[in-house]
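Student: What follows is model-v6.pdb, PDB, C-alpha atoms.
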ATOM      1  CA  MET Z   8    -119.367 -74.896 -53.874
ATOM      2  CA  SER Z   9    -122.846 -74.654 -52.405
ATOM      3  CA  THR Z  10    -125.725 -72.876 -54.078
ATOM      4  CA  LYS Z  11    -128.490 -71.139 -52.219
ATOM      5  CA  SER Z  12    -132.109 -71.094 -53.172
ATOM      6  CA  GLY Z  13    -133.611 -67.783 -54.250
ATOM      7  CA  ALA Z  14    -135.327 -67.336 -50.889
ATOM      8  CA  ASP Z  15    -132.112 -67.938 -48.936
ATOM      9  CA  GLY Z  16    -130.208 -65.516 -51.154
ATOM     10  CA  PHE Z  17    -132.913 -62.893 -50.683
ATOM     11  CA  ASP Z  18    -132.895 -63.390 -46.919
ATOM     12  CA  ASP Z  19    -129.115 -62.988 -46.883
ATOM     13  CA  LEU Z  20    -129.364 -59.818 -48.954
ATOM     14  CA  VAL Z  21    -132.002 -58.328 -46.676
ATOM     15  CA  THR Z  22    -130.087 -59.355 -43.553
ATOM     16  CA  SER Z  23    -126.874 -57.790 -44.808
ATOM     17  CA  THR Z  24    -128.447 -54.623 -46.246
ATOM     18  CA  LEU Z  25    -131.228 -53.785 -43.813
ATOM     19  CA  PRO Z  26    -129.050 -52.616 -40.907
ATOM     20  CA  SER Z  27    -127.438 -49.888 -43.034
ATOM     21  CA  LEU Z  28    -130.841 -48.775 -44.376
ATOM     22  CA  VAL Z  29    -132.192 -48.611 -40.819
ATOM     23  CA  SER Z  30    -129.144 -46.643 -39.653
ATOM     24  CA  GLU Z  31    -129.560 -44.133 -42.486
ATOM     25  CA  ALA Z  32    -133.277 -43.733 -41.810
ATOM     26  CA  THR Z  33    -132.939 -43.303 -38.060
ATOM     27  CA  ALA Z  34    -130.060 -40.843 -38.510
ATOM     28  CA  GLY Z  35    -132.385 -38.799 -40.699
ATOM     29  CA  GLY Z  36    -135.001 -38.443 -37.977
ATOM     30  CA  GLY Z  37    -136.951 -41.683 -38.276
ATOM     31  CA  ARG Z  38    -139.680 -42.467 -40.769
ATOM     32  CA  LEU Z  39    -138.061 -45.845 -41.265
ATOM     33  CA  TYR Z  40    -140.788 -47.420 -43.404
ATOM     34  CA  ARG Z  41    -140.967 -44.518 -45.836
ATOM     35  CA  SER Z  42    -137.208 -44.250 -46.056
ATOM     36  CA  VAL Z  43    -136.703 -47.924 -46.861
ATOM     37  CA  MET Z  44    -139.611 -48.005 -49.321
ATOM     38  CA  ALA Z  45    -138.301 -44.907 -51.090
ATOM     39  CA  ARG Z  46    -134.991 -46.695 -51.657
ATOM     40  CA  VAL Z  47    -136.509 -50.037 -52.697
ATOM     41  CA  GLU Z  48    -139.698 -49.226 -54.631
ATOM     42  CA  LEU Z  49    -138.227 -47.535 -57.704
ATOM     43  CA  PRO Z  50    -135.701 -50.274 -58.555
ATOM     44  CA  LEU Z  51    -138.287 -52.953 -57.722
ATOM     45  CA  LEU Z  52    -140.880 -51.511 -60.115
ATOM     46  CA  ARG Z  53    -138.272 -50.983 -62.825
ATOM     47  CA  HIS Z  54    -137.094 -54.558 -62.530
ATOM     48  CA  ALA Z  55    -140.636 -55.974 -62.542
ATOM     49  CA  LEU Z  56    -141.393 -54.021 -65.723
ATOM     50  CA  GLU Z  57    -138.164 -55.247 -67.325
ATOM     51  CA  LEU Z  58    -138.976 -58.854 -66.455
ATOM     52  CA  CYS Z  59    -142.424 -58.436 -68.022
ATOM     53  CA  GLY Z  60    -141.224 -56.658 -71.156
ATOM     54  CA  GLY Z  61    -142.951 -53.438 -70.120
ATOM     55  CA  ASN Z  62    -146.349 -55.122 -69.773
ATOM     56  CA  GLN Z  63    -147.924 -53.393 -66.793
ATOM     57  CA  LEU Z  64    -150.629 -56.013 -66.227
ATOM     58  CA  LYS Z  65    -148.044 -58.794 -66.051
ATOM     59  CA  ALA Z  66    -145.790 -56.683 -63.809
ATOM     60  CA  ALA Z  67    -148.698 -55.956 -61.461
ATOM     61  CA  LYS Z  68    -149.504 -59.683 -61.251
ATOM     62  CA  LEU Z  69    -145.836 -60.457 -60.598
ATOM     63  CA  LEU Z  70    -145.787 -57.893 -57.784
ATOM     64  CA  GLY Z  71    -149.147 -59.050 -56.403
ATOM     65  CA  ILE Z  72    -150.778 -55.643 -56.759
ATOM     66  CA  ASN Z  73    -153.613 -54.201 -58.825
ATOM     67  CA  ARG Z  74    -152.657 -52.746 -62.224
ATOM     68  CA  ASN Z  75    -154.165 -49.398 -61.248
ATOM     69  CA  THR Z  76    -152.040 -49.348 -58.097
ATOM     70  CA  LEU Z  77    -148.967 -50.077 -60.200
ATOM     71  CA  ARG Z  78    -149.858 -47.274 -62.627
ATOM     72  CA  LYS Z  79    -150.374 -44.854 -59.736
ATOM     73  CA  ARG Z  80    -146.987 -45.714 -58.240
ATOM     74  CA  LEU Z  81    -145.308 -45.484 -61.667
ATOM     75  CA  ARG Z  82    -146.902 -42.084 -62.236
ATOM     76  CA  LEU Z  83    -145.822 -40.805 -58.809
ATOM     77  CA  LEU Z  84    -142.273 -42.041 -59.396
ATOM     78  CA  GLY Z  85    -142.127 -40.552 -62.898
ATOM     79  CA  LEU Z  86    -141.797 -43.934 -64.622
ATOM     80  CA  LEU Z  87    -144.833 -43.701 -66.880
ATOM     81  CA  PRO Z  88    -143.986 -42.443 -70.375
ATOM     82  CA  GLY Z  89    -145.220 -38.890 -70.735
ATOM     83  CA  ALA Z  90    -146.031 -38.567 -67.046
ATOM     84  CA  ALA Z  91    -145.978 -34.977 -65.895
ATOM     85  CA  PRO Z  92    -143.866 -34.518 -62.735
ATOM     86  CA  ASN Z  93    -146.326 -32.035 -61.171
ATOM     87  CA  GLY Z  94    -149.136 -34.602 -61.038
ATOM     88  CA  ALA Z  95    -151.043 -33.233 -64.022
ATOM     89  CA  LYS Z  96    -152.207 -35.792 -66.528
ATOM     90  CA  ALA Z  97    -149.840 -35.684 -69.440
ATOM     91  CA  GLY Z  98    -151.455 -35.504 -72.827
ATOM     92  CA  SER Z  99    -154.918 -34.815 -71.428
ATOM     93  CA  ALA Z 100    -155.331 -31.797 -73.699
ATOM     94  CA  ALA Z 101    -154.337 -33.850 -76.732
ATOM     95  CA  ARG Z 102    -156.924 -36.572 -76.156
ATOM     96  CA  PRO Z 103    -160.005 -36.433 -78.325
ATOM     97  CA  ALA Z 104    -163.293 -36.041 -76.485
TER      98      ALA Z 104
END
Turn the structure described in the file into structure tokens.
Tutor:
Amino acid sequence: MSTKSGADGFDDLVTSTLPSLVSEATAGGGRLYRSVMARVELPLLRHALELCGGNQLKAAKLLGINRNTLRKRLRLLGLLPGAAPNGAKAGSAARPA
């Protein structure tokens, strides 16, 4: 039984999955990049946070992005605790001045 390195396994996963994602996106009128990212980003961010025990700074470093960028994406995807879905800052009225 042969074992594959993480990179080879990832390449195989992408190679086997990407054609169906592309087909779905092009059938929906294009916007391939946005369509694929919409399907991949949420589980990717969730998994990175799980791996880092919820520590956003560590998750951002793991992902190779700035912590503020991670927080923005989490907020937009509704993954931040107490994040308001309409874009308003949750808890802003409860914060002391």
Student: Convert the output of the PyMOL selection byres ((chain Z and resi 49) around 12) on the shown file into explicit residues, formatted as JSON, numbers by chain.
Tutor: {"Z": [43, 44, 45, 46, 47, 48, 50, 51, 52, 53, 54, 55, 56, 77, 80, 81, 82, 83, 84, 85, 86, 87]}
Student: CA of Ala32 (chain Z) to CA of Gly16 (chain Z): how many Å, to one decimal?
Tutor: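 One can read the CA of Ala32 (chain Z) to CA of Gly16 (chain Z) distance as 23.9 Å.
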Student: Using the file's own x, y and z axes, so that the box edges lie along x, y and z, what centre and edge lengths in Å (one decimal) does a box around every listed atom of region 14-28 of chain Z get when 3 Å is added on each side? Give it as JSON.
Tutor:
{"center_x": -131.1, "center_y": -58.4, "center_z": -46.0, "size_x": 14.5, "size_y": 25.2, "size_z": 16.2}
Student: Since I can't run it myself right now, could you work out what the PyMOL selection byres ((chain Z and resi 28) around 12) selects here and report it as a ChimeraX atom specification?
Tutor: /Z:21-27,29-35,37-47
Student: Using CA of Lys65 (chain Z) and CA of Pro88 (chain Z) as the two end points, give the distance in Å to one decimal.
Tutor: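 These atoms are spaced 17.4 Å apart.
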Student: For region 22-37 of chain Z, write N, CA, C and O atoms out as a JSON list (two decimals), in the first residue's frame.
Tutor:
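Ended up saving to result.json:
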[["chain", "number", "residue", "atom", "x", "y", "z"],
["Z", 22, "THR", "N", -7.67, 18.02, -8.41],
["Z", 22, "THR", "CA", -7.83, 17.50, -9.76],
["Z", 22, "THR", "C", -9.15, 16.76, -9.93],
["Z", 22, "THR", "O", -9.82, 16.90, -10.96],
["Z", 23, "SER", "N", -9.56, 16.03, -8.91],
["Z", 23, "SER", "CA", -10.80, 15.27, -9.03],
["Z", 23, "SER", "C", -12.04, 16.11, -8.77],
["Z", 23, "SER", "O", -13.11, 15.83, -9.28],
["Z", 24, "THR", "N", -11.91, 17.17, -7.98],
["Z", 24, "THR", "CA", -13.06, 17.98, -7.59],
["Z", 24, "THR", "C", -13.27, 19.20, -8.47],
["Z", 24, "THR", "O", -14.41, 19.60, -8.73],
["Z", 25, "LEU", "N", -12.20, 19.78, -8.94],
["Z", 25, "LEU", "CA", -12.29, 21.04, -9.69],
["Z", 25, "LEU", "C", -13.18, 20.97, -10.93],
["Z", 25, "LEU", "O", -13.96, 21.90, -11.17],
["Z", 26, "PRO", "N", -13.12, 19.92, -11.73],
["Z", 26, "PRO", "CA", -13.98, 19.90, -12.92],
["Z", 26, "PRO", "C", -15.48, 20.05, -12.58],
["Z", 26, "PRO", "O", -16.20, 20.75, -13.28],
["Z", 27, "SER", "N", -15.94, 19.41, -11.51],
["Z", 27, "SER", "CA", -17.36, 19.54, -11.18],
["Z", 27, "SER", "C", -17.68, 20.95, -10.67],
["Z", 27, "SER", "O", -18.74, 21.49, -10.97],
["Z", 28, "LEU", "N", -16.75, 21.57, -9.93],
["Z", 28, "LEU", "CA", -16.97, 22.94, -9.48],
["Z", 28, "LEU", "C", -17.02, 23.89, -10.67],
["Z", 28, "LEU", "O", -17.85, 24.80, -10.72],
["Z", 29, "VAL", "N", -16.14, 23.68, -11.64],
["Z", 29, "VAL", "CA", -16.11, 24.52, -12.84],
["Z", 29, "VAL", "C", -17.40, 24.34, -13.63],
["Z", 29, "VAL", "O", -18.00, 25.31, -14.10],
["Z", 30, "SER", "N", -17.85, 23.09, -13.76],
["Z", 30, "SER", "CA", -19.10, 22.83, -14.50],
["Z", 30, "SER", "C", -20.28, 23.52, -13.84],
["Z", 30, "SER", "O", -21.11, 24.13, -14.52],
["Z", 31, "GLU", "N", -20.36, 23.44, -12.51],
["Z", 31, "GLU", "CA", -21.45, 24.10, -11.79],
["Z", 31, "GLU", "C", -21.40, 25.61, -11.98],
["Z", 31, "GLU", "O", -22.43, 26.26, -12.19],
["Z", 32, "ALA", "N", -20.21, 26.17, -11.90],
["Z", 32, "ALA", "CA", -20.06, 27.63, -12.01],
["Z", 32, "ALA", "C", -20.40, 28.12, -13.41],
["Z", 32, "ALA", "O", -21.10, 29.12, -13.57],
["Z", 33, "THR", "N", -19.93, 27.41, -14.42],
["Z", 33, "THR", "CA", -20.18, 27.85, -15.79],
["Z", 33, "THR", "C", -21.64, 27.63, -16.17],
["Z", 33, "THR", "O", -22.19, 28.40, -16.95],
["Z", 34, "ALA", "N", -22.28, 26.62, -15.60],
["Z", 34, "ALA", "CA", -23.70, 26.39, -15.86],
["Z", 34, "ALA", "C", -24.54, 27.51, -15.24],
["Z", 34, "ALA", "O", -25.61, 27.84, -15.73],
["Z", 35, "GLY", "N", -24.02, 28.11, -14.19],
["Z", 35, "GLY", "CA", -24.72, 29.20, -13.51],
["Z", 35, "GLY", "C", -24.40, 30.57, -14.08],
["Z", 35, "GLY", "O", -24.64, 31.58, -13.43],
["Z", 36, "GLY", "N", -23.80, 30.63, -15.25],
["Z", 36, "GLY", "CA", -23.56, 31.91, -15.90],
["Z", 36, "GLY", "C", -22.16, 32.48, -15.65],
["Z", 36, "GLY", "O", -21.96, 33.67, -15.76],
["Z", 37, "GLY", "N", -21.21, 31.64, -15.32],
["Z", 37, "GLY", "CA", -19.84, 32.13, -15.16],
["Z", 37, "GLY", "C", -19.52, 32.50, -13.73],
["Z", 37, "GLY", "O", -20.01, 31.91, -12.79]]
